[in-house]
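The structure appears below as structure tokens.
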Amino acid sequence: MILAPPNRRTRYAVIIVAFAAYIWIFARFHHEYGTALASLAVFPVIIGSWYFGVSGGIVTALLSIGSDFAFLFLDGHPVREFIGSTGYIVGNIILIFVALIVGRLATILRERNDAFLRLERLEKERRNYTELLESLNDTTRIVLEARDLKSAIEILLERTSQLFKADDGYLSLWDEANQRPIPFLAYGSMKDVFPRMKIEGGESFLSIHVLELGRPLAIPDVKNHEHANPHLAVKFPTRSALGLPLISQDRKLGILFLGYRQPRAFDQTEIVHADIVARQIALILTKIQLLEQAQKQVKELTILHEVATISTQAGTLDELIERVTDVIGRNLFPDNFGIMLADHERGTLKAHPSYRFITRKKGSLPDVPLGKGVSGQVAQTGVSIRVGNIRELDNYLNIDPETVSELCVPIRIKDQILGVINTESSKPNAFTADNEILLGTLAGQLATAIEQLRAEEAERKWLEQLAHSNDLIYSLAHITTHIEKALDTDGIVQTLGEELLKIGLICAAAFYNEKKSGFTFAYTSMQSRTLEQFENGIGFSFINYSFSFDLLRAATKTDNPYQPVVVDDPQNEMRIFLPREHGRVDFANVLEEVGIGDGTELMRLPLMFEEQLLGILWVWGKAITKADLPVMSIFAKQIGISLERARLFAEVQSLALTDPLTGLRNRRSLFDLGKIEFSRAHRMNRPFCCMMLDLDHFKKVNDNFGHQAGDMVLQEFARRCRKSVREMDLLGRYGGEELLIFLPETDLKTAVQVAERLRKTVASHPMRVNFQELNLTVSIGVAQLDENTLELETLIARADQAMYIAKYRGRNCVAVSK
């Protein structure tokens, strides 16, 4: 330090001290030793030469000579003495020579030393630069081997922070669209906190300033820096920082801050190294992003190809959505992801069962009303929505509390919105514009595939329905053939029920009842046990239950109850027809017991003939669908025609066997049935009686009141007789005013009792004819089958003979054939 003090002041001080010492010695002892003391000036000259080179040595030498001269002159020595002294002149020359020699030597040594120091510094800088480059190359190699951008930046951030011996590191990516940094990763104490921080563009003055500078910025005091945000700075433990702008080819990539928890200064070398590192990091980031983008494009193309392949392979809509959801969710969006289909009739979005839930562990996604929440708005408007923070939305449906960002795109064909593709993340700003474009492309592919599948499904259903309809038409035609063989209503409905059961259909029929002015359930093809359970459920007997036309109109919910329909609400149908007095009924359970439940269609078919409603037929079973209604309607018309044919046949038959005036059996019908009962009684030796009735004074009625009144009297006579006999007894008109009754399983005593009851019934009260009261009386003859009577005509003749005996006795009496 003394031989070569670095401070110039120290050098000056040393020279002054040496020079002052020389002056003092010269002034003090020059009387004793003379000018020989001038040789001591060599010491300050050597020091001046050594410290300041030749010029310093010469100046010091001149000062020494001048001071010697001044002291001697002041001491009274003549000038000539100095000039004339050879020793003094030689000594001064030597002094100048020493100054030249020492000064040059010092300059050479100093330059050599400086050169060595400079070389040492350069070597050190070279080693540091080499270590820096090696570290950067090593870091670059490791980073490029990373599996993704996040892993690469984690490695880059950690190694850079360690390289600069920083306590913390903060890397933010630049959002060019919003002109703000987005916290991405951190090293050190803020590792878990920093990526979740939300920093607005207006808050990031320091980051923006570093990017605008385009070079590293040393920040000795972060909190007091002019561009620092005080509210933001207090959130970090950093006292000093080094800001590195990450810019490549004029493209802003991000900002890296190296933080130090203790105040410190930064030299130029660190700033230069920081600039090199910043450029290298920017280059690495660019390469990583390009590589990731290329990999992403390959991945996206692969996924697009997979989705296209799935679209051609999937046989059903469910299979398509399940496979597409798995491919997209597994490769692109690992958080909540799925497809929601629109139900425009109900005004809701329904999540497909394949919807992937990562953050939501329990339960399924509820239906979303159209227009509500992000997905509901997209389904209603057909416009994609990308939200970085859903908490900022007023219309957001908080279904999953862990969701932070959301991306939703519509699935649409032309103007029809089929549904939406929705993805959610627990991270803020998790989705980019590229994600939105890609998802929109996938949605377009999916929409085309869905439309194609639906078209294929519609065609397949149409073909299946056509085949089903052909089978049904064939079966119904076969049933119609069997029905046409039946000659009465009972036979028709019985055949109908049995044949429908063969093709898996159950029916119930109600026919119009003129007497009750309504409809009466007359038949059902339900099994007896099923019918019993059904009746227990409703609380009354189903067969013979009647309901009014008004109830039928209420059930049809229209003014036209003659229209065939598929019953949308079977429970409501039962609720209308059932009487209120039977209390509460579990309609769903009751209907389930008879086979009417989910997947089973119930049809109400009016049985019509021309404009006349003959009855109602209910048909249900899994063998029919809504599309079968037209075929079943035609079938119902055929049944109506068959019922009308049976009615006409019964009417013709009735006309052939019934007396048109009294409604009783005519003579031919009575004799045919009577012979059957007569033969049975004769063969089995059973009692059998015959009774002949003749209305007294009937000729006077015709003569006095006219034949129309006579007809009325005969009708009343027949009615009173019909009320007085059993159902098994055969009652008919024999001719004129005479009636004939066959009494099976009846002996003579009982027959006489029946005859007396008849006589009293006929004469029980007068009949009003033409405003006059007319008393009816009857003469009755009774004959019993015996062993001598071999033919029915003989028995009738005996009864007729007994009747004439009763007339001759005075009329209004009973006579018995012997």
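In the structure tokens, chains take letters A, B, ... by order of appearance, with residues numbered from 1 within each chain and ligands from 1 in the order shown.
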Mind running segment 16-67 of chain A against segment 105-125 of chain A at 8 Å and telling me each contacting residue's nearest atom pair with the distance in Å (one decimal), counting only C-alpha atoms, chain and number ascending, as JSON lines?
{"residue": "A:Ser49", "atom": "CA", "partner": "A:Ala106", "partner_atom": "CA", "distance": 7.0}
{"residue": "A:Trp50", "atom": "CA", "partner": "A:Ala106", "partner_atom": "CA", "distance": 4.9}
{"residue": "A:Tyr51", "atom": "CA", "partner": "A:Ala106", "partner_atom": "CA", "distance": 7.3}
{"residue": "A:Phe52", "atom": "CA", "partner": "A:Thr107", "partner_atom": "CA", "distance": 8.0}
{"residue": "A:Gly53", "atom": "CA", "partner": "A:Thr107", "partner_atom": "CA", "distance": 5.5}
{"residue": "A:Val54", "atom": "CA", "partner": "A:Thr107", "partner_atom": "CA", "distance": 7.8}
Write the residues of the preceding selection, restricted to N, CA and C atoms, as a PDB file, in the first residue's frame.
ATOM      1  N   SER A  49       8.991  10.355  -8.378  1.00  0.00           N
ATOM      2  CA  SER A  49       9.109   9.620  -9.639  1.00  0.00           C
ATOM      3  C   SER A  49       8.345   8.296  -9.586  1.00  0.00           C
ATOM      4  N   TRP A  50       8.455   7.631  -8.429  1.00  0.00           N
ATOM      5  CA  TRP A  50       7.793   6.304  -8.301  1.00  0.00           C
ATOM      6  C   TRP A  50       6.270   6.425  -8.339  1.00  0.00           C
ATOM      7  N   TYR A  51       5.779   7.492  -7.652  1.00  0.00           N
ATOM      8  CA  TYR A  51       4.322   7.643  -7.574  1.00  0.00           C
ATOM      9  C   TYR A  51       3.724   8.242  -8.840  1.00  0.00           C
ATOM     10  N   PHE A  52       4.467   9.242  -9.430  1.00  0.00           N
ATOM     11  CA  PHE A  52       3.848   9.991 -10.522  1.00  0.00           C
ATOM     12  C   PHE A  52       4.651   9.943 -11.819  1.00  0.00           C
ATOM     13  N   GLY A  53       5.636   9.073 -11.889  1.00  0.00           N
ATOM     14  CA  GLY A  53       6.384   8.910 -13.122  1.00  0.00           C
ATOM     15  C   GLY A  53       7.468   9.962 -13.292  1.00  0.00           C
ATOM     16  N   VAL A  54       7.927  10.079 -14.534  1.00  0.00           N
ATOM     17  CA  VAL A  54       9.029  10.994 -14.867  1.00  0.00           C
ATOM     18  C   VAL A  54       8.656  12.426 -14.530  1.00  0.00           C
TER      19      VAL A  54
END
Name the residues in contact with segment 489-502 of chain A at a cut-off of 10 Å, using only C-alpha atoms, excluding same-chain residues fewer than 2 positions from it; report them as an MDAnalysis selection string.
chainID A and resid 475:476 478:480 482:487 504:509 511 522:526 617 619:621 639 642:647 650
Segment 562-616 of chain A: residues DSSP assigns to alpha helix (DSSP H), reported as a PyMOL selection string:
chain A and resi 570-577+587-593
Can you tell me, as a VMD selection string, what residues are no more than 8 Å from Gly518 of chain A when counting only C-alpha atoms, ignoring any on the same chain fewer than 2 positions away?
chain A and resid 512 to 514 516 520 546 to 549
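Neighbouring residues of Arg667 of chain A at 8 Å or closer, counting only C-alpha atoms and skipping chain neighbours under 5 positions away, are A:Gly732, A:Arg733, A:Tyr734, A:Gly735.
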Suppose we keep C-alpha atoms; can you now write the selection as a PDB file, in the first residue's frame?
ATOM      1  CA  GLY A 732    -144.319 -65.906 -26.542  1.00  0.00           C
ATOM      2  CA  ARG A 733    -147.273 -64.740 -28.614  1.00  0.00           C
ATOM      3  CA  TYR A 734    -149.328 -67.651 -29.862  1.00  0.00           C
ATOM      4  CA  GLY A 735    -151.637 -65.556 -32.003  1.00  0.00           C
TER       5      GLY A 735
END
For atom CA of Leu407 of chain A and atom CA of Ile303 of chain A, quote the distance in Å rounded to one decimal.
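Between atom CA of Leu407 of chain A and atom CA of Ile303 of chain A the gap works out to 18.3 Å.
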List every residue of segment 202-391 of chain A that DSSP, applied to the backbone of this structure, assigns to strand (DSSP E), and report them as a VMD selection string.
chain A and resid 217 to 219 240 to 248 251 to 260 337 to 343 348 to 351 368 to 369 385 to 387
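Here atom CA of Ala636 of chain A stands at a distance of 7.6 Å from atom CA of Met608 of chain A.
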